[in-house]
Each structure stands twice: as structure tokens, then as C-alpha cells.
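Colleague: I'm passing along final-v6.cif; it holds mmCIF, C-alpha atoms and all ligand atoms.
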```cif
data_structure
#
loop_
_atom_site.label_atom_id
_atom_site.label_comp_id
_atom_site.auth_asym_id
_atom_site.auth_seq_id
_atom_site.Cartn_x
_atom_site.Cartn_y
_atom_site.Cartn_z
CA MET A 26 112.04 137.75 -9.91
CA SER A 27 109.62 134.98 -9.00
CA LEU A 28 109.27 133.87 -5.40
CA VAL A 29 110.98 130.56 -6.20
CA ASP A 30 113.96 132.38 -7.73
CA GLU A 31 114.09 134.68 -4.76
CA LEU A 32 114.20 131.70 -2.39
CA ASN A 33 116.91 129.96 -4.36
CA ALA A 34 118.98 133.13 -4.31
CA LEU A 35 118.50 133.35 -0.55
CA ASP A 36 119.59 129.72 -0.20
CA SER A 37 122.87 130.21 -2.03
CA ARG A 38 123.59 133.54 -0.35
CA VAL A 39 123.10 131.99 3.11
CA ALA A 40 125.29 129.02 2.14
CA ASP A 41 128.04 131.52 1.28
CA GLN A 42 127.55 133.39 4.56
CA ILE A 43 127.80 130.16 6.55
CA ALA A 44 130.91 129.11 4.67
CA GLY A 45 132.42 132.54 5.28
CA ALA A 46 131.74 132.70 9.05
CA CYS A 47 135.05 132.74 10.92
CA SER A 48 133.81 132.34 14.49
CA THR A 49 130.87 130.81 16.37
CA HIS A 50 129.96 134.39 17.17
CA GLU A 51 129.68 135.36 13.48
CA LEU A 52 127.84 132.12 12.76
CA GLU A 53 125.26 132.93 15.41
CA ALA A 54 124.66 136.31 13.73
CA VAL A 55 123.94 134.51 10.43
CA ARG A 56 121.54 132.15 12.19
CA VAL A 57 119.59 135.01 13.73
CA GLU A 58 119.45 136.87 10.40
CA VAL A 59 117.94 133.84 8.65
CA LEU A 60 116.11 131.76 11.25
CA GLY A 61 115.65 134.21 14.13
CA LYS A 62 112.23 135.56 15.12
CA SER A 63 112.20 138.10 12.29
CA GLY A 64 114.74 136.27 10.14
CA GLU A 65 114.34 136.15 6.34
CA LEU A 66 113.31 132.52 6.13
CA THR A 67 111.02 132.86 9.13
CA ARG A 68 109.23 135.69 7.35
CA HIS A 69 108.73 133.52 4.26
CA LEU A 70 107.31 130.74 6.42
CA ARG A 71 104.89 133.14 8.09
CA ALA A 72 103.78 134.60 4.73
CA MET A 73 102.81 131.17 3.38
CA GLY A 74 99.11 131.85 3.91
CA SER A 75 99.08 134.77 1.49
CA ILE A 76 100.58 132.80 -1.42
CA PRO A 77 98.15 131.79 -4.19
CA LYS A 78 96.92 128.23 -3.63
CA GLU A 79 98.42 126.84 -6.87
CA GLU A 80 101.93 127.91 -5.84
CA ARG A 81 101.66 127.16 -2.14
CA ALA A 82 102.64 123.46 -2.26
CA GLU A 83 105.71 124.08 -4.36
CA VAL A 84 106.86 127.16 -2.43
CA GLY A 85 106.15 125.52 0.94
CA LYS A 86 108.23 122.49 0.04
CA LEU A 87 111.09 124.67 -1.13
CA VAL A 88 111.07 126.86 2.01
CA ASN A 89 111.15 123.76 4.22
CA GLN A 90 113.97 122.21 2.22
CA ILE A 91 116.00 125.42 2.47
CA LYS A 92 115.32 125.63 6.19
CA ALA A 93 116.47 122.03 6.75
CA SER A 94 119.63 122.47 4.72
CA VAL A 95 120.45 125.81 6.38
CA GLU A 96 120.04 124.21 9.81
CA GLU A 97 122.24 121.29 8.84
CA ALA A 98 124.93 123.59 7.43
CA LEU A 99 124.81 125.79 10.55
CA ASP A 100 125.17 122.75 12.74
CA ALA A 101 128.14 121.31 10.92
CA LYS A 102 129.89 124.69 10.76
CA PHE A 103 129.22 125.31 14.46
CA ARG A 104 130.93 122.08 15.46
CA LEU A 105 133.88 122.85 13.24
CA LEU A 106 134.33 126.41 14.57
CA LYS A 107 133.83 125.33 18.18
CA ASN A 108 136.58 122.73 17.86
CA GLN A 109 138.92 125.28 16.32
CA GLU A 110 138.20 127.77 19.08
CA MET A 111 138.86 125.18 21.79
CA GLU A 112 142.14 124.22 20.15
CA VAL A 113 143.23 127.85 20.09
CA LEU A 114 142.35 128.21 23.78
CA ILE A 115 144.27 125.09 24.73
CA ASP A 116 147.26 125.94 22.50
CA SER A 117 147.54 129.46 23.78
CA SER A 118 148.77 127.89 27.07
CA SER A 119 146.59 130.26 29.09
CA ILE A 120 144.74 127.14 30.17
CA ASP A 121 146.49 124.14 31.60
CA ILE A 122 143.93 121.40 31.14
CA THR A 123 145.99 119.04 33.26
CA LEU A 124 145.31 121.12 36.38
CA PRO A 125 142.79 119.64 38.82
CA GLY A 126 139.36 121.32 38.70
CA ARG A 127 138.26 123.85 41.28
CA ALA A 128 135.88 122.22 43.74
CA GLN A 129 132.71 124.11 44.58
CA HIS A 130 132.34 124.86 48.28
CA LEU A 131 129.21 123.34 49.73
CA GLY A 132 127.63 125.01 52.73
CA THR A 133 127.65 123.12 56.01
CA ARG A 134 125.76 123.32 59.26
CA HIS A 135 126.82 126.20 61.49
CA LEU A 136 128.70 125.21 64.63
CA ILE A 137 125.81 126.37 66.84
CA ASN A 138 123.23 124.26 64.98
CA GLY A 139 125.68 121.37 65.10
CA ILE A 140 125.89 121.59 68.90
CA VAL A 141 122.10 121.93 69.25
CA ASP A 142 121.63 118.80 67.11
CA GLU A 143 124.33 116.90 68.99
CA ILE A 144 122.83 117.71 72.40
CA SER A 145 119.28 117.05 71.18
CA ASP A 146 120.39 113.63 69.93
CA ILE A 147 121.87 112.75 73.34
CA PHE A 148 118.57 113.50 75.09
CA LEU A 149 116.44 111.94 72.34
CA GLY A 150 118.47 108.80 73.03
CA LEU A 151 117.40 109.01 76.67
CA GLY A 152 113.73 109.17 75.66
CA TYR A 153 113.20 112.94 75.86
CA SER A 154 111.25 114.84 73.24
CA VAL A 155 112.21 118.19 71.74
CA MET A 156 109.91 121.16 72.21
CA GLU A 157 109.96 124.80 71.12
CA GLY A 158 108.50 127.88 72.74
CA PRO A 159 107.93 131.47 71.58
CA GLU A 160 110.81 133.96 71.55
CA VAL A 161 108.39 136.80 72.25
CA GLU A 162 107.05 135.89 75.67
CA THR A 163 104.94 137.36 78.40
CA ASP A 164 106.23 138.32 81.80
CA TYR A 165 104.18 135.43 83.21
CA TYR A 166 106.07 132.65 81.40
CA ASN A 167 109.50 134.25 81.54
CA PHE A 168 109.40 135.26 85.22
CA GLU A 169 106.23 134.95 87.23
CA ALA A 170 105.37 131.29 86.70
CA LEU A 171 109.05 130.54 87.34
CA ASN A 172 108.87 131.94 90.84
CA ALA A 173 111.04 134.97 89.98
CA PRO A 174 110.35 137.49 92.71
CA ALA A 175 109.22 140.96 91.64
CA ASP A 176 112.55 142.47 92.66
CA HIS A 177 114.66 139.81 90.95
CA PRO A 178 117.47 141.58 89.08
CA SER A 179 116.82 139.66 85.87
CA ARG A 180 113.44 141.45 85.59
CA SER A 181 115.01 144.88 85.37
CA MET A 182 115.01 147.07 82.28
CA GLN A 183 118.79 146.76 82.25
CA ASP A 184 118.63 143.05 81.51
CA THR A 185 115.43 142.48 79.56
CA PHE A 186 114.23 143.74 76.18
CA TYR A 187 110.62 144.77 76.76
CA VAL A 188 108.28 144.88 73.76
CA LYS A 189 105.39 147.35 73.48
CA ASP A 190 102.14 145.55 73.82
CA LEU A 191 100.02 146.45 70.77
CA SER A 192 96.77 146.08 72.66
CA GLY A 193 97.70 149.29 74.46
CA ASP A 194 97.83 147.34 77.69
CA VAL A 195 101.40 148.48 78.08
CA ALA A 196 102.86 148.82 81.51
CA ASN A 197 102.74 146.84 84.70
CA VAL A 198 103.42 148.25 88.16
CA ARG A 199 107.12 148.61 87.49
CA GLY A 200 106.45 150.56 84.32
CA GLU A 201 107.50 147.64 82.16
CA SER A 202 105.52 146.12 79.33
CA ASP A 203 104.24 142.60 79.96
CA VAL A 204 105.56 141.46 76.59
CA LEU A 205 109.27 140.81 76.29
CA LEU A 206 111.94 138.92 74.39
CA ARG A 207 112.57 135.86 76.51
CA THR A 208 115.77 136.10 78.55
CA GLN A 209 115.89 132.34 79.10
CA THR A 210 114.35 129.18 77.66
CA SER A 211 113.09 128.29 81.15
CA GLY A 212 109.63 129.62 80.24
CA VAL A 213 109.23 126.59 77.97
CA GLN A 214 109.13 124.53 81.19
CA VAL A 215 105.84 126.23 82.01
CA HIS A 216 104.45 125.70 78.48
CA ALA A 217 105.45 122.04 78.76
CA MET A 218 103.68 121.60 82.12
CA GLU A 219 100.58 123.32 80.75
CA THR A 220 100.34 121.37 77.50
CA GLN A 221 101.97 117.96 77.97
CA GLU A 222 100.70 114.86 79.65
CA LEU A 223 102.65 113.65 82.67
CA PRO A 224 105.29 112.31 82.95
CA ILE A 225 107.29 114.99 81.11
CA TYR A 226 110.77 114.47 79.63
CA VAL A 227 111.56 117.38 77.32
CA ILE A 228 114.38 119.55 76.11
CA ALA A 229 113.81 122.94 74.49
CA PRO A 230 116.53 124.57 72.41
CA GLY A 231 116.09 128.16 71.23
CA LYS A 232 117.21 131.76 71.04
CA VAL A 233 117.20 134.08 74.05
CA TYR A 234 117.84 137.82 74.35
CA ARG A 235 119.51 140.04 76.93
CA ARG A 236 120.42 143.70 77.05
CA ASP A 237 124.13 143.01 76.99
CA VAL A 238 126.81 144.57 74.85
CA ALA A 239 128.68 141.89 72.91
CA ASP A 240 132.07 141.10 74.45
CA PRO A 241 134.15 137.90 74.70
CA SER A 242 131.72 136.35 77.17
CA HIS A 243 128.36 138.11 76.46
CA LEU A 244 126.04 138.36 73.47
CA PRO A 245 122.72 140.23 73.23
CA GLN A 246 121.22 137.20 71.51
CA PHE A 247 122.35 133.64 72.10
CA HIS A 248 121.00 130.09 72.34
CA GLN A 249 120.03 128.01 75.32
CA ILE A 250 118.89 124.45 75.78
CA GLU A 251 116.43 123.85 78.56
CA GLY A 252 115.63 120.48 80.06
CA LEU A 253 112.67 119.46 82.20
CA VAL A 254 111.67 116.19 83.80
CA VAL A 255 108.50 115.80 85.88
CA ASP A 256 107.63 112.30 87.04
CA LYS A 257 106.87 110.35 90.20
CA GLY A 258 109.83 109.77 92.51
CA ILE A 259 112.41 111.94 90.68
CA THR A 260 115.40 112.72 92.93
CA PHE A 261 118.56 114.80 92.84
CA GLY A 262 120.36 111.51 92.12
CA ASP A 263 118.47 111.27 88.80
CA LEU A 264 119.52 114.81 87.96
CA LYS A 265 123.19 114.09 88.76
CA GLY A 266 123.23 110.83 86.83
CA THR A 267 121.61 112.41 83.78
CA LEU A 268 123.92 115.43 83.66
CA GLU A 269 127.08 113.40 84.32
CA PHE A 270 126.17 111.14 81.43
CA PHE A 271 125.45 114.19 79.28
CA CYS A 272 128.81 115.86 80.09
CA LYS A 273 130.78 112.73 79.23
CA GLN A 274 128.92 112.42 75.93
CA VAL A 275 129.70 116.01 74.94
CA PHE A 276 133.18 116.52 76.37
CA GLY A 277 134.59 112.98 76.52
CA GLU A 278 134.92 110.19 79.07
CA GLN A 279 138.01 111.63 80.81
CA ARG A 280 136.29 114.83 81.88
CA ARG A 281 135.04 115.04 85.47
CA THR A 282 131.98 116.99 86.65
CA ARG A 283 131.15 118.69 89.91
CA PHE A 284 127.95 120.19 91.31
CA ARG A 285 128.19 123.48 93.22
CA ALA A 286 125.29 124.78 95.31
CA HIS A 287 123.72 127.86 93.67
CA TYR A 288 120.47 129.83 93.57
CA PHE A 289 117.80 129.92 90.87
CA PRO A 290 114.27 131.12 91.65
CA PHE A 291 112.54 128.15 90.03
CA THR A 292 114.62 125.29 91.46
CA GLU A 293 115.27 124.22 95.03
CA PRO A 294 117.89 123.03 95.73
CA SER A 295 119.80 124.52 92.79
CA ALA A 296 123.29 123.87 91.51
CA GLU A 297 125.76 124.93 88.90
CA VAL A 298 127.65 122.19 87.10
CA ASP A 299 131.33 122.49 86.24
CA VAL A 300 133.35 120.24 83.99
CA SER A 301 137.09 119.75 84.50
CA CYS A 302 139.19 121.98 82.25
CA GLY A 303 140.15 120.19 79.04
CA ILE A 304 143.27 122.28 78.54
CA CYS A 305 145.07 121.89 81.89
CA HIS A 306 143.09 118.84 83.12
CA GLY A 307 142.46 120.47 86.45
CA GLU A 308 145.92 121.98 87.04
CA GLY A 309 144.71 125.55 86.56
CA CYS A 310 145.29 127.65 83.43
CA ARG A 311 144.07 130.84 81.71
CA MET A 312 141.04 129.13 80.18
CA CYS A 313 139.69 128.05 83.59
CA LYS A 314 141.05 131.14 85.36
CA GLY A 315 143.32 128.96 87.48
CA THR A 316 140.47 126.95 89.01
CA GLY A 317 140.74 123.76 86.97
CA TRP A 318 136.97 123.87 86.37
CA LEU A 319 134.63 125.39 83.74
CA GLU A 320 131.01 126.22 84.52
CA ILE A 321 128.65 124.79 81.91
CA LEU A 322 125.08 124.85 83.17
CA GLY A 323 122.53 125.61 85.87
CA CYS A 324 120.13 123.04 87.27
CA GLY A 325 118.06 121.97 90.23
CA MET A 326 114.96 120.23 91.52
CA VAL A 327 111.81 121.97 90.27
CA ASP A 328 110.53 124.20 93.08
CA PRO A 329 107.19 122.87 94.42
CA ASN A 330 105.74 126.39 93.91
CA VAL A 331 106.48 126.14 90.19
CA LEU A 332 104.76 122.76 89.92
CA GLU A 333 101.76 124.08 91.83
CA MET A 334 101.42 127.17 89.64
CA SER A 335 101.10 124.85 86.64
CA ASN A 336 98.55 122.68 88.44
CA ILE A 337 100.83 119.74 89.16
CA ASP A 338 100.59 118.26 92.66
CA PRO A 339 104.07 118.47 94.28
CA GLU A 340 102.99 115.80 96.79
CA VAL A 341 102.73 113.30 93.93
CA TYR A 342 105.21 114.55 91.37
CA SER A 343 108.73 115.89 91.53
CA GLY A 344 111.12 116.94 88.83
CA PHE A 345 114.41 118.44 87.81
CA ALA A 346 115.37 121.11 85.33
CA PHE A 347 118.54 122.34 83.73
CA GLY A 348 119.58 125.05 81.33
CA MET A 349 122.76 125.73 79.37
CA GLY A 350 124.16 128.28 76.95
CA VAL A 351 124.91 126.68 73.59
CA GLU A 352 127.55 129.25 72.56
CA ARG A 353 129.36 128.69 75.84
CA ILE A 354 129.34 124.91 75.35
CA ALA A 355 130.65 125.38 71.78
CA CYS A 356 133.48 127.61 73.03
CA LEU A 357 134.45 125.18 75.79
CA LYS A 358 134.29 122.17 73.53
CA TYR A 359 136.45 123.70 70.79
CA ASP A 360 138.57 126.11 72.90
CA VAL A 361 137.16 129.23 71.21
CA PRO A 362 138.30 132.25 73.25
CA ASP A 363 135.60 134.76 72.22
CA LEU A 364 131.83 134.20 71.81
CA ARG A 365 131.71 136.85 69.07
CA MET A 366 133.77 134.64 66.75
CA LEU A 367 130.71 132.39 66.46
CA LEU A 368 128.70 135.21 64.86
CA GLU A 369 131.21 136.90 62.62
CA GLY A 370 130.73 134.57 59.65
CA ASP A 371 134.47 134.39 58.97
CA MET A 372 134.79 131.35 56.71
CA ARG A 373 138.35 130.64 57.87
CA PHE A 374 136.94 130.13 61.36
CA LEU A 375 133.72 128.34 60.38
CA ARG A 376 135.33 125.85 58.00
CA GLN A 377 137.16 124.24 60.91
CA PHE A 378 133.98 122.67 62.25
N1 LIG B 1 117.54 129.95 83.03
C1 LIG B 1 118.83 129.98 83.70
C2 LIG B 1 119.66 131.09 83.09
O1 LIG B 1 119.35 131.58 82.07
C3 LIG B 1 119.53 128.67 83.52
C4 LIG B 1 118.88 127.59 84.34
C5 LIG B 1 119.29 127.36 85.62
C6 LIG B 1 117.90 126.80 83.77
C7 LIG B 1 118.72 126.36 86.38
C8 LIG B 1 117.31 125.80 84.56
C9 LIG B 1 117.73 125.58 85.87
O2 LIG B 1 116.34 125.01 84.07
O3 LIG B 1 117.17 124.59 86.57
O4 LIG B 1 120.64 131.47 83.68
#
```
Would you put the structure from the file into C-alpha cells?
Modeller:
Amino acid sequence: MSLVDELNALDSRVADQIAGACSTHELEAVRVEVLGKSGELTRHLRAMGSIPKEERAEVGKLVNQIKASVEEALDAKFRLLKNQEMEVLIDSSSIDITLPGRAQHLGTRHLINGIVDEISDIFLGLGYSVMEGPEVETDYYNFEALNAPADHPSRSMQDTFYVKDLSGDVANVRGESDVLLRTQTSGVQVHAMETQELPIYVIAPGKVYRRDVADPSHLPQFHQIEGLVVDKGITFGDLKGTLEFFCKQVFGEQRRTRFRAHYFPFTEPSAEVDVSCGICHGEGCRMCKGTGWLEILGCGMVDPNVLEMSNIDPEVYSGFAFGMGVERIACLKYDVPDLRMLLEGDMRFLRQF
């Protein structure tokens, strides 16, 4: 049989196969057999170079014609079979095409990031800038430069995760490493005073770590937002005005705030700020443990020692600082009873925010 006869035979055989295909699946098998990588027609096309010159033009033309007509026939048959298959699917009543489609769930911001952004926006609106500090800190920034006395309980191994110092320079006098996971964002205050030009108006959100077992009101890792202002003539009145404005922005105009005297090593005087309970409005309930108030942050005037340690003259400059737990704010704002719910990743919980 000559090559031309062979090709013509192939053409009519393939036409029969295409006509005989009963499903798109079968049709695909025919396509692969003829036009696939090692399909019959593909092999003929590849072998073109070894055909005697005199025959090449004629054979080449024929192969291309067959290829074009096979492709066209495959195409037409595919559309026909596909339509039939769809009709069967629809008829078989297993699909109700009148049902609304299933929407894809898009991810959203986590509640914690939402609160960090919301609080950052409030302070950005007041002219503050946002700063970050390292989560792996040295004892100096986390404690010493913040006036934390050597016997301060927060320095103990029970409260702080100490990290082995790779330089081999491991332990200080108390047998602790000088490198630790920061227990508070307050160390960023020191970085700010060392690196920024005065006056300083910054907030610093970030993760902090403590050796606590997770329970409804403790987590071993959580988020804080630190605030620091250092300028000429800053008073406690500025601190109160700023934080009262902040509380109303976050919790709503009706909520009242109160400042309670407290102690922090790096501020003097220091205070804790409470906001009136949003559930009982001050009457006393389980949420506020009968007091009518919920504690939301710590604050105070920057201790002159702290300014001095960072080479700022306390005779010329004064400042205030504050720090809050983001998870706690989230729980108070949305009446979440257990901090751990924020970490569990339960979509039924997270979708509410
Ligand atoms: N760092 C404190 C803590 O973790 C919170 C705090 C209190 C931050 C008073 C401050 C401050 O900046 O002035 O408990």
C-alpha cells in the first residue's frame, strides 16, 4: 500500500471512530490516539523529513488536510456529546439548576488584627506614628532601662521566657540569660527614645510572652499596644485627656472612665484606667465582678530616671506612657468570656467579627 493510500485509509478509519464515540471520554481517547504526542498522524508529520523529495509536497499537503478535518470533526462531535451529557445531568434531577450557587468564603482579618488596626487608626488620627520593636529582647530594654528593680517579680524565671545567648555569654548574676522574649511592649519606649527625634508621639503594637498557662484570663503569648509621648510641658492632664478620648472612641460615648493610682516601675505617678461596665452600666454584674468597672490599661508619667537613662533631660522634657492588652480589649468590647476563644480558630466564633 502506498503512503497516500495508507493516509486515506487512516482518514476514513478515524472518521468512523469519531462518529462512533459515545461520550466525551471516548472521544478524548480517539484524539490522543491520532493527534496525541505519539499519535498516528503526529508520527506521520514527524516522519515527513524522510520522505523522498518528489512525494513530500503531495504527502505533506494530504497529512495537513487530514489533520485539519480530524480536528474539525473532533470539535463538532465534542460539542454535540458535551451538550448531550449536560442534558442527561440536568434531566436526571440530581442537579437542581434553579438553586442559588454556593458562595465561596473569603478570609477576613482576625479580630485581634482588627483591634490593632482600629486602635492604631485612632492614634494616627492624633498625630502619632506606629513603631515596632523586636520580640526577642535583651534584659536591658525589657527591664533595666525601664527602671525595673533587680528584685522586681516580673524579672523572675517564673514569669519570663529566657533565651540562651548564642555568644556563650549566658547568665547574669541571677543565673538568667540576658536575652529573653519580651514580656511587655514597654521596651519599645526605650528604642523610641534612642532612635527618634524629639518630640516623640508613638504607639507600638506587638506580641509579648509570659510563662503563664492559658486560662480564661491568661495566655502565654498575647498582644499589647504601647504608647509614648515625650515633649515639652506634657502633664497628667494630657494623659487623661488622651486616654479618655481613646476609650470613648473604642467603647462608645456613653462609657465612663476612671483613673486609679497604681505602681509601675517606669512611670511616676502611675495609674490603671477602668472603663464603666458595658453590660450592667455600673450596677455591678458577673462581667465586672460586681464593681461596675473593667480595667483596661496601665499608664503614667514617664519616670525622670527612664528619660535620663535614654539621654533625655527631664528638666526640659516630660512625657506619658500607656500600655494595654489587645486580647483583653477585644474581650471587653465584644463580651467574650474567655481569652482562649480568640486563638482556637473556630470559624463559628470568628465569623461574627
Ligand atoms: N507594661 C505594662 C504591663 O505589661 C503595662 C504598662 C503600664 C505600660 C504602664 C505602660 C505604662 O506604658 O505606663 O503590665
Colleague: So for ligand LIG 1 (chain B), what box centre and size do we get, axis-aligned, 3 Å extra on each of the six sides, every listed atom, Å to one decimal, as AutoDock Vina command-line options?
Modeller:
```
--center_x 118.5 --center_y 128.1 --center_z 84.3 --size_x 10.3 --size_y 13.0 --size_z 10.5
```
Colleague: Determine the nearest neighbour of ligand LIG 1 (chain B) from the options A:Phe276, A:Tyr342, A:Phe103, A:Tyr234, counting all atoms listed in the file.
Modeller: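 Closest to ligand LIG 1 (chain B), using all atoms listed in the file: A:Tyr234.
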Colleague: Dump the neighbourhood of ligand LIG 1 (chain B) as JSON, numbers by chain: all residues within 6 Å, distances computed on only C-alpha atoms and all ligand atoms.
Modeller: {"A": [209, 211, 251, 289, 292, 323, 324, 325, 346, 347, 348]}
Colleague: At a cut-off of 12 Å, using all atoms listed in the file, what residues contact Thr210 of chain A? Leave out same-chain residues fewer than 5 positions from it and give the result as number ranges by chain.
Modeller: A: 156-162, 166-168, 171, 215-217, 228-234, 247-253, 346-351
Colleague: Do you know which residues lie at most 9 Å from (127.1, 123.4, 88.6), with coordinates as in the file and all atoms listed in the file counted, and could you write them as a PDB file with C-alpha atoms, in the frame of the given file?
Modeller:
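The resulting part-v1.pdb:
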```pdb
ATOM      1  CA  THR A 282     131.980 116.990  86.650  1.00  0.00           C
ATOM      2  CA  ARG A 283     131.150 118.690  89.910  1.00  0.00           C
ATOM      3  CA  PHE A 284     127.950 120.190  91.310  1.00  0.00           C
ATOM      4  CA  ARG A 285     128.190 123.480  93.220  1.00  0.00           C
ATOM      5  CA  ALA A 286     125.290 124.780  95.310  1.00  0.00           C
ATOM      6  CA  HIS A 287     123.720 127.860  93.670  1.00  0.00           C
ATOM      7  CA  SER A 295     119.800 124.520  92.790  1.00  0.00           C
ATOM      8  CA  ALA A 296     123.290 123.870  91.510  1.00  0.00           C
ATOM      9  CA  GLU A 297     125.760 124.930  88.900  1.00  0.00           C
ATOM     10  CA  VAL A 298     127.650 122.190  87.100  1.00  0.00           C
ATOM     11  CA  ASP A 299     131.330 122.490  86.240  1.00  0.00           C
ATOM     12  CA  VAL A 300     133.350 120.240  83.990  1.00  0.00           C
ATOM     13  CA  GLU A 320     131.010 126.220  84.520  1.00  0.00           C
ATOM     14  CA  ILE A 321     128.650 124.790  81.910  1.00  0.00           C
ATOM     15  CA  LEU A 322     125.080 124.850  83.170  1.00  0.00           C
ATOM     16  CA  GLY A 323     122.530 125.610  85.870  1.00  0.00           C
ATOM     17  CA  CYS A 324     120.130 123.040  87.270  1.00  0.00           C
TER      18      CYS A 324
END
```
Colleague: At what distance in Å, to one decimal, does atom CA of Val275 of chain A lie from atom CA of Gln377 of chain A?
Modeller: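 Between these atoms lies a distance of 17.9 Å.
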